[in-house]
file target-v4.cif (mmCIF, C-alpha atoms)
data_coords
#
loop_
_atom_site.label_atom_id
_atom_site.label_comp_id
_atom_site.auth_asym_id
_atom_site.auth_seq_id
_atom_site.Cartn_x
_atom_site.Cartn_y
_atom_site.Cartn_z
CA MET A 1 -120.83 37.87 48.03
CA LYS A 2 -123.46 36.41 45.69
CA LEU A 3 -126.84 35.94 47.34
CA ILE A 4 -129.02 34.40 44.62
CA SER A 5 -129.11 33.59 40.90
CA LEU A 6 -132.37 33.58 38.94
CA THR A 7 -131.11 32.62 35.52
CA PRO A 8 -133.94 31.13 33.42
CA GLN A 9 -136.78 33.30 32.20
CA ILE A 10 -139.88 31.74 33.79
CA CYS A 11 -143.05 31.56 31.68
CA LYS A 12 -146.51 30.09 32.24
CA PHE A 13 -149.14 28.94 29.73
CA ASP A 14 -152.53 27.35 30.32
CA ASN A 15 -151.89 24.73 27.62
CA PHE A 16 -149.21 23.33 25.34
CA CYS A 17 -150.76 24.79 22.19
CA ASP A 18 -150.30 28.35 23.45
CA PHE A 19 -146.68 27.60 24.30
CA ALA A 20 -146.00 26.12 20.85
CA LYS A 21 -147.38 29.24 19.14
CA GLU A 22 -145.54 31.71 21.37
CA PHE A 23 -142.20 29.90 20.99
CA ASN A 24 -142.72 29.10 17.28
CA ILE A 25 -141.89 25.41 17.73
CA GLY A 26 -140.75 23.76 14.50
CA LYS A 27 -137.67 22.86 12.47
CA GLY A 28 -134.43 22.87 14.43
CA ASP A 29 -136.17 21.94 17.68
CA PHE A 30 -135.19 18.63 19.31
CA ILE A 31 -137.89 17.65 21.80
CA LEU A 32 -137.34 14.85 24.29
CA THR A 33 -140.58 13.75 25.91
CA ASN A 34 -142.82 10.73 26.60
CA LYS A 35 -145.40 9.17 24.30
CA TYR A 36 -148.11 9.53 26.92
CA LEU A 37 -147.58 13.30 26.75
CA TYR A 38 -147.07 13.51 23.00
CA GLU A 39 -150.27 11.71 22.03
CA PRO A 40 -152.85 13.93 23.80
CA PHE A 41 -151.07 17.29 23.76
CA MET A 42 -148.62 17.52 20.84
CA LYS A 43 -149.47 15.10 18.04
CA LYS A 44 -152.56 17.01 16.87
CA LEU A 45 -150.50 20.17 16.27
CA ASN A 46 -148.45 18.51 13.48
CA LEU A 47 -145.31 20.38 14.49
CA GLU A 48 -142.19 19.96 12.36
CA ALA A 49 -139.97 19.57 15.39
CA ASP A 50 -137.92 16.42 15.93
CA PHE A 51 -139.81 14.51 18.67
CA VAL A 52 -137.87 11.79 20.46
CA PHE A 53 -139.37 9.53 23.12
CA ARG A 54 -137.43 8.84 26.26
CA GLN A 55 -138.81 5.29 26.67
CA ASP A 56 -137.16 4.28 23.39
CA TYR A 57 -133.86 4.46 25.24
CA GLY A 58 -134.75 2.25 28.19
CA LYS A 59 -136.55 2.37 31.50
CA GLY A 60 -135.56 3.87 34.82
CA GLU A 61 -133.74 7.04 35.65
CA PRO A 62 -131.12 8.53 33.30
CA SER A 63 -127.78 6.79 32.95
CA ASP A 64 -124.57 7.67 31.17
CA GLU A 65 -125.22 4.83 28.71
CA MET A 66 -128.68 6.19 27.87
CA ILE A 67 -127.36 9.72 27.35
CA ASP A 68 -124.57 8.47 25.08
CA ARG A 69 -127.08 6.63 22.88
CA ILE A 70 -129.23 9.74 22.45
CA VAL A 71 -126.18 11.86 21.63
CA SER A 72 -125.16 9.30 19.01
CA ASP A 73 -128.61 9.45 17.40
CA MET A 74 -128.49 13.27 17.31
CA LYS A 75 -125.37 13.38 15.16
CA GLY A 76 -125.92 14.80 11.70
CA LYS A 77 -129.09 16.70 12.66
CA GLU A 78 -129.31 20.49 12.54
CA ILE A 79 -130.50 21.30 16.05
CA LYS A 80 -130.81 24.82 17.42
CA ARG A 81 -132.93 24.26 20.53
CA ILE A 82 -133.23 21.41 23.00
CA ILE A 83 -136.70 21.18 24.57
CA ALA A 84 -137.30 18.97 27.60
CA ILE A 85 -140.93 18.06 28.28
CA GLY A 86 -141.10 15.64 31.18
CA GLY A 87 -139.92 14.85 34.68
CA GLY A 88 -136.51 15.10 36.25
CA SER A 89 -135.01 12.32 34.12
CA ILE A 90 -135.85 14.00 30.83
CA ILE A 91 -134.77 17.40 32.12
CA ASP A 92 -131.41 16.10 33.36
CA ILE A 93 -130.76 14.38 30.04
CA CYS A 94 -131.58 17.53 28.07
CA LYS A 95 -129.26 19.66 30.16
CA LEU A 96 -126.44 17.45 28.97
CA LEU A 97 -127.73 17.37 25.38
CA ALA A 98 -127.52 21.17 25.27
CA LEU A 99 -123.77 20.94 25.83
CA LYS A 100 -121.24 20.44 23.09
CA ASN A 101 -121.32 16.73 22.33
CA THR A 102 -118.85 14.38 23.88
CA ASN A 103 -118.59 10.69 23.04
CA LYS A 104 -118.79 9.67 26.70
CA SER A 105 -120.99 11.61 29.10
CA ILE A 106 -119.06 10.20 32.06
CA ASP A 107 -116.20 12.49 30.97
CA LEU A 108 -118.44 15.48 31.74
CA PHE A 109 -119.20 14.20 35.24
CA ASP A 110 -115.51 13.46 35.81
CA LYS A 111 -114.59 16.95 34.46
CA LYS A 112 -112.37 15.34 31.84
CA ALA A 113 -114.17 17.01 28.92
CA PRO A 114 -114.66 20.74 28.35
CA ILE A 115 -118.15 21.95 29.28
CA VAL A 116 -119.47 24.24 26.58
CA LYS A 117 -123.13 25.18 26.04
CA GLU A 118 -123.97 24.78 22.37
CA LYS A 119 -127.77 24.96 22.10
CA GLU A 120 -130.62 26.93 23.67
CA LEU A 121 -132.45 24.95 26.36
CA ILE A 122 -136.17 25.14 27.11
CA VAL A 123 -137.52 23.09 30.02
CA ILE A 124 -141.18 22.21 30.66
CA PRO A 125 -141.58 20.15 33.88
CA THR A 126 -144.45 17.65 33.96
CA THR A 127 -144.07 16.63 37.60
CA CYS A 128 -144.33 18.79 40.70
CA GLY A 129 -141.07 17.94 42.33
CA THR A 130 -137.84 18.21 40.42
CA GLY A 131 -137.39 21.99 40.34
CA SER A 132 -134.73 21.20 37.76
CA GLU A 133 -136.15 23.78 35.37
CA VAL A 134 -134.45 26.50 37.42
CA THR A 135 -131.22 24.75 38.46
CA ASN A 136 -127.84 24.06 36.88
CA VAL A 137 -127.70 20.48 38.19
CA ALA A 138 -128.03 17.18 36.33
CA ILE A 139 -127.97 13.73 37.92
CA ALA A 140 -127.26 10.45 36.15
CA GLU A 141 -126.62 6.87 37.11
CA ILE A 142 -123.07 5.87 36.24
CA LYS A 143 -123.59 2.25 35.30
CA GLU A 144 -120.07 0.94 35.82
CA ARG A 145 -119.89 2.52 39.31
CA HIS A 146 -123.37 1.47 40.51
CA THR A 147 -124.19 4.92 41.89
CA LYS A 148 -125.44 8.31 40.81
CA MET A 149 -123.32 11.37 40.16
CA GLY A 150 -124.25 15.01 39.89
CA LEU A 151 -122.86 17.73 37.68
CA ALA A 152 -123.49 21.38 38.59
CA VAL A 153 -122.23 24.00 36.13
CA ASP A 154 -123.74 27.28 34.99
CA GLU A 155 -123.69 26.11 31.37
CA MET A 156 -126.62 23.81 32.24
CA TYR A 157 -129.02 26.51 33.36
CA PRO A 158 -132.08 26.43 31.08
CA ASP A 159 -132.74 29.57 29.07
CA TYR A 160 -136.48 29.24 29.63
CA ALA A 161 -138.48 27.44 32.33
CA VAL A 162 -142.07 26.98 31.16
CA LEU A 163 -144.91 25.98 33.50
CA ILE A 164 -147.97 24.36 31.85
CA PRO A 165 -150.48 22.99 34.42
CA GLU A 166 -152.42 20.80 31.96
CA LEU A 167 -149.33 18.62 31.46
CA VAL A 168 -149.08 17.92 35.20
CA LYS A 169 -152.71 17.04 35.78
CA ILE A 170 -152.31 13.62 34.11
CA LEU A 171 -149.53 12.64 36.52
CA PRO A 172 -150.50 9.41 38.33
CA TYR A 173 -151.13 9.83 42.04
CA LYS A 174 -148.04 7.95 43.24
CA PHE A 175 -145.77 10.05 41.03
CA PHE A 176 -147.51 13.19 42.22
CA VAL A 177 -146.68 12.15 45.80
CA THR A 178 -143.07 11.08 45.24
CA SER A 179 -142.24 14.12 43.12
CA SER A 180 -143.82 16.63 45.50
CA ILE A 181 -142.13 14.99 48.50
CA ASP A 182 -138.88 15.51 46.63
CA ALA A 183 -139.75 19.21 46.29
CA LEU A 184 -140.50 19.40 50.01
CA ILE A 185 -137.10 17.85 50.77
CA HIS A 186 -135.42 20.34 48.41
CA ALA A 187 -137.01 23.19 50.35
CA VAL A 188 -136.24 21.79 53.81
CA GLU A 189 -132.66 20.73 53.08
CA SER A 190 -131.82 24.03 51.41
CA TYR A 191 -133.27 25.98 54.36
CA VAL A 192 -130.62 24.61 56.75
CA SER A 193 -127.76 24.56 54.22
CA PRO A 194 -124.72 26.62 55.23
CA ASN A 195 -125.09 28.34 51.85
CA ALA A 196 -128.64 29.53 52.58
CA ASN A 197 -129.47 33.19 53.08
CA ASP A 198 -132.52 35.40 53.52
CA PHE A 199 -133.32 35.28 49.81
CA THR A 200 -133.13 31.51 49.39
CA ARG A 201 -135.09 30.96 52.60
CA LEU A 202 -137.96 33.06 51.27
CA PHE A 203 -138.38 30.51 48.49
CA SER A 204 -137.85 27.56 50.84
CA VAL A 205 -140.51 28.68 53.30
CA GLN A 206 -143.12 29.44 50.64
CA ALA A 207 -142.53 26.02 49.05
CA ILE A 208 -142.86 24.25 52.42
CA LYS A 209 -146.12 26.06 53.18
CA LEU A 210 -147.70 25.31 49.79
CA ILE A 211 -146.74 21.62 49.85
CA ILE A 212 -147.70 20.76 53.43
CA ASN A 213 -150.96 22.72 53.28
CA GLY A 214 -151.69 21.06 49.94
CA TYR A 215 -151.07 17.64 51.45
CA LYS A 216 -153.51 18.37 54.26
CA ASP A 217 -156.14 19.35 51.67
CA VAL A 218 -155.52 16.20 49.60
CA ILE A 219 -155.76 13.96 52.67
CA ARG A 220 -158.97 15.70 53.69
CA ASN A 221 -160.64 15.79 50.24
CA GLY A 222 -159.25 12.73 48.45
CA GLU A 223 -156.60 11.92 45.82
CA ASP A 224 -158.39 13.62 42.91
CA TYR A 225 -158.42 16.94 44.75
CA ARG A 226 -154.73 17.36 43.88
CA ASN A 227 -155.70 18.58 40.41
CA GLU A 228 -157.79 21.35 41.93
CA ILE A 229 -154.65 22.78 43.53
CA ILE A 230 -151.99 21.50 41.13
CA GLU A 231 -150.70 25.01 40.39
CA ASP A 232 -149.75 25.37 44.06
CA PHE A 233 -147.55 22.29 43.76
CA ILE A 234 -146.05 23.42 40.44
CA LEU A 235 -145.12 26.77 41.96
CA ALA A 236 -143.84 25.10 45.14
CA SER A 237 -141.58 22.85 43.09
CA ASN A 238 -140.29 25.90 41.22
CA TYR A 239 -139.68 27.85 44.44
CA ALA A 240 -137.90 24.87 45.99
CA GLY A 241 -135.78 24.56 42.84
CA ILE A 242 -134.68 28.18 43.16
CA ALA A 243 -133.85 27.60 46.83
CA PHE A 244 -131.81 24.43 46.42
CA GLY A 245 -130.30 25.59 43.14
CA ASN A 246 -128.64 28.38 45.10
CA ALA A 247 -128.17 26.87 48.57
CA GLY A 248 -127.83 23.17 47.76
CA VAL A 249 -129.19 19.96 49.28
CA GLY A 250 -127.32 17.62 51.58
CA ALA A 251 -127.33 14.27 53.33
CA VAL A 252 -130.88 13.19 52.45
CA HIS A 253 -130.02 13.26 48.77
CA ALA A 254 -126.49 11.95 49.30
CA LEU A 255 -127.62 8.88 51.25
CA SER A 256 -130.40 8.11 48.78
CA TYR A 257 -128.14 7.86 45.74
CA PRO A 258 -126.69 4.36 46.36
CA LEU A 259 -130.20 3.04 47.02
CA GLY A 260 -131.42 4.55 43.76
CA GLY A 261 -128.33 3.51 41.81
CA VAL A 262 -128.21 -0.11 42.95
CA TYR A 263 -131.91 -0.91 43.43
CA HIS A 264 -133.43 1.61 41.00
CA VAL A 265 -135.72 3.18 43.58
CA PRO A 266 -137.33 6.33 42.09
CA HIS A 267 -135.57 9.50 43.19
CA GLY A 268 -138.34 11.05 45.28
CA GLU A 269 -139.20 7.76 46.96
CA ALA A 270 -135.56 7.08 47.77
CA ASN A 271 -135.16 10.54 49.30
CA TYR A 272 -138.23 10.03 51.46
CA GLN A 273 -136.69 6.95 53.09
CA PHE A 274 -133.94 9.11 54.61
CA PHE A 275 -135.68 12.46 55.12
CA ILE A 276 -137.02 12.17 58.66
CA GLU A 277 -134.08 10.20 60.09
CA VAL A 278 -131.49 12.65 58.73
CA PHE A 279 -133.33 15.59 60.28
CA ASN A 280 -133.80 13.77 63.57
CA THR A 281 -130.01 13.27 63.53
CA TYR A 282 -129.40 16.95 62.81
CA ASN A 283 -131.69 17.89 65.71
CA ARG A 284 -129.87 15.58 68.05
CA ILE A 285 -126.42 16.92 67.14
CA ASN A 286 -127.27 20.64 67.14
CA PRO A 287 -130.85 21.69 67.93
CA ASN A 288 -129.98 25.37 68.42
CA GLY A 289 -128.94 26.57 64.97
CA GLU A 290 -131.00 27.28 61.84
CA ILE A 291 -132.87 24.04 62.37
CA SER A 292 -134.51 25.64 65.40
CA ASP A 293 -136.03 28.33 63.15
CA LEU A 294 -137.10 25.64 60.67
CA ASN A 295 -138.80 23.68 63.44
CA GLU A 296 -140.76 26.78 64.48
CA ILE A 297 -141.92 27.27 60.90
CA LEU A 298 -142.92 23.63 60.58
CA SER A 299 -144.78 23.62 63.91
CA SER A 300 -146.82 26.61 62.74
CA ILE A 301 -147.72 25.00 59.41
CA LEU A 302 -148.44 21.65 61.08
CA GLU A 303 -150.46 23.40 63.79
CA ILE A 304 -148.67 21.85 66.76
CA LYS A 305 -147.13 23.66 69.73
CA ASP A 306 -144.30 21.25 70.60
CA THR A 307 -141.45 21.82 68.14
CA SER A 308 -139.80 18.58 69.26
CA LYS A 309 -142.69 16.71 67.62
CA VAL A 310 -142.56 18.34 64.18
CA TYR A 311 -140.82 15.47 62.36
CA GLU A 312 -143.04 12.91 64.04
CA LYS A 313 -146.11 14.87 62.89
CA LEU A 314 -144.68 15.43 59.41
CA SER A 315 -143.97 11.71 59.13
CA GLU A 316 -147.61 10.97 60.03
CA ILE A 317 -148.81 13.16 57.16
CA LEU A 318 -146.34 11.79 54.63
CA ASP A 319 -147.09 8.18 55.60
CA LYS A 320 -150.74 8.78 54.71
CA LEU A 321 -149.58 9.63 51.20
CA LEU A 322 -146.73 7.15 50.75
CA VAL A 323 -145.93 4.38 53.22
CA LYS A 324 -142.26 4.32 54.13
CA LYS A 325 -140.47 0.97 53.76
CA SER A 326 -137.41 -0.51 55.38
CA LEU A 327 -134.34 -0.49 53.15
CA LYS A 328 -134.23 -4.29 53.07
CA GLU A 329 -137.68 -4.30 51.47
CA TYR A 330 -136.03 -2.77 48.39
CA GLY A 331 -133.51 -5.61 48.34
CA MET A 332 -130.68 -3.95 50.24
CA LYS A 333 -128.41 -6.37 52.08
CA GLU A 334 -126.97 -5.86 55.55
CA LYS A 335 -123.40 -5.94 54.26
CA GLU A 336 -124.27 -2.96 52.06
CA ILE A 337 -124.73 -0.68 55.08
CA GLY A 338 -120.97 -0.16 55.23
CA GLN A 339 -120.59 -0.24 51.44
CA PHE A 340 -123.24 2.43 50.91
CA THR A 341 -121.68 4.54 53.66
CA ASP A 342 -118.28 4.40 51.95
CA SER A 343 -119.87 5.13 48.57
CA VAL A 344 -121.52 8.28 49.94
CA ILE A 345 -118.36 9.53 51.61
CA GLN A 346 -116.26 8.89 48.52
CA GLY A 347 -118.66 10.06 45.84
CA GLN A 348 -121.07 12.61 47.32
CA GLN A 349 -118.86 15.26 48.91
CA ARG A 350 -120.55 17.85 46.66
CA LEU A 351 -123.74 17.24 48.64
CA LEU A 352 -122.26 16.46 52.06
CA ALA A 353 -120.66 19.91 52.01
CA ASN A 354 -124.20 21.32 52.28
CA ASN A 355 -125.09 19.40 55.46
CA TYR A 356 -126.51 21.37 58.36
CA VAL A 357 -123.88 19.76 60.59
CA PHE A 358 -120.96 17.48 59.81
CA LEU A 359 -121.96 13.83 59.75
CA SER A 360 -119.16 11.41 60.59
CA ARG A 361 -118.86 8.01 58.97
CA GLN A 362 -120.32 6.55 62.16
CA GLU A 363 -123.38 8.83 61.98
CA ILE A 364 -124.02 8.00 58.32
CA GLU A 365 -123.66 4.29 58.96
CA LYS A 366 -126.00 4.59 61.95
CA ILE A 367 -128.69 6.16 59.74
CA TYR A 368 -128.46 3.31 57.22
CA ALA A 369 -128.52 0.73 60.01
CA LYS A 370 -131.57 2.24 61.68
CA LEU A 371 -133.51 2.35 58.41
CA PHE A 372 -132.39 -1.11 57.29
#

call {"tool": "encode", "arguments": {"input": "target-v4.cif", "output": "structure tokens"}}
result
Amino acid sequence: MKLISLTPQICKFDNFCDFAKEFNIGKGDFILTNKYLYEPFMKKLNLEADFVFRQDYGKGEPSDEMIDRIVSDMKGKEIKRIIAIGGGSIIDICKLLALKNTNKSIDLFDKKAPIVKEKELIVIPTTCGTGSEVTNVAIAEIKERHTKMGLAVDEMYPDYAVLIPELVKILPYKFFVTSSIDALIHAVESYVSPNANDFTRLFSVQAIKLIINGYKDVIRNGEDYRNEIIEDFILASNYAGIAFGNAGVGAVHALSYPLGGVYHVPHGEANYQFFIEVFNTYNRINPNGEISDLNEILSSILEIKDTSKVYEKLSEILDKLLVKKSLKEYGMKEKEIGQFTDSVIQGQQRLLANNYVFLSRQEIEKIYAKLF
């Protein structure tokens, strides 16, 4: 029985320049990044790599149409390494770019095309939430289906995961919050996954501690204090990525995908809308399993004695960082409660299989209705 996979080699550099020298960045390297990162950190180095900017292919989170356009533009180039420098969107795109090209990326998600790794993949995360640098998962919006789909295959593990704190310090405050909340959810969901074990839970617990304690420090000392402790959040995101990459995430992510796919709500923000309510539902259905241990851990970190209040207290902290909205404030319509429920059941079984307890159609619909 496999307990844990730690596939990428994990490296850390104080700055991008040191990374570029160590990895001999140059010809044959295809780098997907953002202009706001390229200008201050990369342009001055005059590297001969092929830099491509993600915003040239549209806004929002990655879609199959966006990926297909990038693949088309790559044809004819001699590329040996794919280098992702950015958040979850850029990383997910690059995982697919490292595969043998296919004309339609949807065929990869539908398992209609062979999945073959063709190029070395180096990932440098510039948010503190995705954890994607240590996972074999890529998520994309499938435009014609108005939802997101995930692909999880070992061929998409990066060869190197590189942590560079200076690239994360320029992250705007809201994106710091939404990305790190996403990392917290990765850690919490993976802790109660039926696929979790003692190894994965070590990473989950350490990520939870670093993030919640970091939030308390930021609330106490002000928004700018995040950069004083940014390495804690980078490591927490990485730990959470290892945990969920092995144990998986569940209903919080599954229920968020229609909201993100239809109304283009950023991934971390969409997850946050469902986080507390899903775990309140888990507690109601079965309070005596692994979630009981999780609640004890959370009560200790949150410094409260009553474990029945942990999600209420956690919600108080998170709401000080990012105010939770009703789903209708994003534009969701009441008739979509049933439609989103059906979409999740039909398209997100990969995630629902990782739920702490089975959620019936009625339970899923009830969660949407309560948050509407």

call {"tool": "resolve_selection", "arguments": {"input": "target-v4.cif", "expression": "the PyMOL selection byres ((chain A and resi 148) around 7)", "output": "JSON, numbers by chain"}}
result
{"A": [139, 140, 141, 142, 147, 149, 150, 257, 258, 261]}

call {"tool": "resolve_selection", "arguments": {"input": "target-v4.cif", "expression": "the PyMOL selection byres ((chain A and resi 195-206) around 7)", "output": "VMD selection string"}}
result
chain A and resid 3 to 4 187 to 188 190 to 194 207 to 210 239 to 240 242 to 243 246 to 247

call {"tool": "write_last_selection", "arguments": {"input": "target-v4.cif", "atoms": "C-alpha atoms", "output": "PDB file, in the coordinates of the input"}}
result
ATOM      1  CA  LEU A   3    -126.840  35.940  47.340  1.00  0.00           C
ATOM      2  CA  ILE A   4    -129.020  34.400  44.620  1.00  0.00           C
ATOM      3  CA  ALA A 187    -137.010  23.190  50.350  1.00  0.00           C
ATOM      4  CA  VAL A 188    -136.240  21.790  53.810  1.00  0.00           C
ATOM      5  CA  SER A 190    -131.820  24.030  51.410  1.00  0.00           C
ATOM      6  CA  TYR A 191    -133.270  25.980  54.360  1.00  0.00           C
ATOM      7  CA  VAL A 192    -130.620  24.610  56.750  1.00  0.00           C
ATOM      8  CA  SER A 193    -127.760  24.560  54.220  1.00  0.00           C
ATOM      9  CA  PRO A 194    -124.720  26.620  55.230  1.00  0.00           C
ATOM     10  CA  ALA A 207    -142.530  26.020  49.050  1.00  0.00           C
ATOM     11  CA  ILE A 208    -142.860  24.250  52.420  1.00  0.00           C
ATOM     12  CA  LYS A 209    -146.120  26.060  53.180  1.00  0.00           C
ATOM     13  CA  LEU A 210    -147.700  25.310  49.790  1.00  0.00           C
ATOM     14  CA  TYR A 239    -139.680  27.850  44.440  1.00  0.00           C
ATOM     15  CA  ALA A 240    -137.900  24.870  45.990  1.00  0.00           C
ATOM     16  CA  ILE A 242    -134.680  28.180  43.160  1.00  0.00           C
ATOM     17  CA  ALA A 243    -133.850  27.600  46.830  1.00  0.00           C
ATOM     18  CA  ASN A 246    -128.640  28.380  45.100  1.00  0.00           C
ATOM     19  CA  ALA A 247    -128.170  26.870  48.570  1.00  0.00           C
TER      20      ALA A 247
END

call {"tool": "closest_residue", "arguments": {"input": "target-v4.cif", "among": "A:Lys335, A:Lys324, A:Lys216, A:His186", "to": "His253 of chain A", "atoms": "only C-alpha atoms"}}
result
A:His186

call {"tool": "residues_around", "arguments": {"input": "target-v4.cif", "residues": "Ile124 of chain A", "least_positions_apart": "4", "cutoff": "9 Å", "atoms": "all atoms listed in the file", "output": "list in words"}}
result
Ile83, Ala84, Ile85, Gly86, Gly87, Ile91, Glu133, Tyr160, Ala161, Val162, Leu163, Ile164 and Leu167 of chain A

call {"tool": "resolve_selection", "arguments": {"input": "target-v4.cif", "expression": "the PyMOL selection byres ((chain A and resi 355-366) around 7)", "output": "PyMOL selection string"}}
result
chain A and resi 192-194+250-251+282+337-338+341+352-354+367-370

call {"tool": "atom_distance", "arguments": {"input": "target-v4.cif", "atom1": "atom CA of Ile115 of chain A", "atom2": "atom CA of Asp68 of chain A"}}
result
15.5 Å

call {"tool": "closest_residue", "arguments": {"input": "target-v4.cif", "among": "A:Met1, A:Leu47, A:Ile90, A:Leu184", "to": "Asn34 of chain A", "atoms": "all atoms listed in the file"}}
result
A:Ile90

call {"tool": "decode", "arguments": {"input": "target-v4.cif", "residues": "segment 186-193 of chain A", "atoms": "all heavy atoms", "output": "CSV table (one decimal), in the first residue's frame"}}
result
chain,number,residue,atom,x,y,z
A,186,HIS,N,-7.0,23.1,1.3
A,186,HIS,CA,-6.3,21.9,0.9
A,186,HIS,C,-5.9,21.1,2.1
A,186,HIS,O,-6.0,19.8,2.1
A,186,HIS,CB,-5.0,22.3,0.1
A,186,HIS,CG,-5.2,22.9,-1.2
A,186,HIS,ND1,-4.3,23.7,-1.9
A,186,HIS,CD2,-6.3,22.8,-2.1
A,186,HIS,CE1,-4.8,24.1,-3.0
A,186,HIS,NE2,-6.0,23.5,-3.2
A,187,ALA,N,-5.3,21.7,3.1
A,187,ALA,CA,-4.8,21.0,4.3
A,187,ALA,C,-6.0,20.4,5.1
A,187,ALA,O,-5.9,19.2,5.5
A,187,ALA,CB,-4.0,22.0,5.1
A,188,VAL,N,-7.0,21.1,5.2
A,188,VAL,CA,-8.2,20.6,6.0
A,188,VAL,C,-8.9,19.5,5.3
A,188,VAL,O,-9.2,18.5,5.9
A,188,VAL,CB,-9.1,21.8,6.4
A,188,VAL,CG1,-10.3,21.3,7.1
A,188,VAL,CG2,-8.4,22.8,7.3
A,189,GLU,N,-9.2,19.7,4.0
A,189,GLU,CA,-9.9,18.7,3.3
A,189,GLU,C,-9.1,17.4,3.2
A,189,GLU,O,-9.7,16.3,3.3
A,189,GLU,CB,-10.3,19.2,1.9
A,189,GLU,CG,-11.4,20.1,1.8
A,189,GLU,CD,-12.1,20.1,0.4
A,189,GLU,OE1,-11.6,20.6,-0.5
A,189,GLU,OE2,-13.2,19.5,0.4
A,190,SER,N,-7.8,17.5,3.0
A,190,SER,CA,-7.0,16.3,2.8
A,190,SER,C,-6.9,15.6,4.2
A,190,SER,O,-6.7,14.4,4.2
A,190,SER,CB,-5.6,16.7,2.2
A,190,SER,OG,-4.9,17.6,3.1
A,191,TYR,N,-6.9,16.3,5.3
A,191,TYR,CA,-6.8,15.7,6.6
A,191,TYR,C,-7.9,14.7,6.8
A,191,TYR,O,-7.7,13.6,7.4
A,191,TYR,CB,-6.9,16.7,7.7
A,191,TYR,CG,-6.6,16.1,9.1
A,191,TYR,CD1,-5.3,16.1,9.6
A,191,TYR,CD2,-7.6,15.5,9.9
A,191,TYR,CE1,-5.0,15.5,10.8
A,191,TYR,CE2,-7.3,14.9,11.1
A,191,TYR,CZ,-6.0,15.0,11.6
A,191,TYR,OH,-5.7,14.4,12.8
A,192,VAL,N,-9.2,15.0,6.4
A,192,VAL,CA,-10.3,14.1,6.6
A,192,VAL,C,-10.6,13.2,5.4
A,192,VAL,O,-11.6,12.4,5.5
A,192,VAL,CB,-11.6,14.9,7.0
A,192,VAL,CG1,-11.3,15.6,8.3
A,192,VAL,CG2,-12.0,15.8,5.9
A,193,SER,N,-9.8,13.2,4.4
A,193,SER,CA,-10.0,12.4,3.2
A,193,SER,C,-9.8,10.9,3.6
A,193,SER,O,-9.0,10.6,4.4
A,193,SER,CB,-9.0,12.7,2.1
A,193,SER,OG,-8.9,11.7,1.1
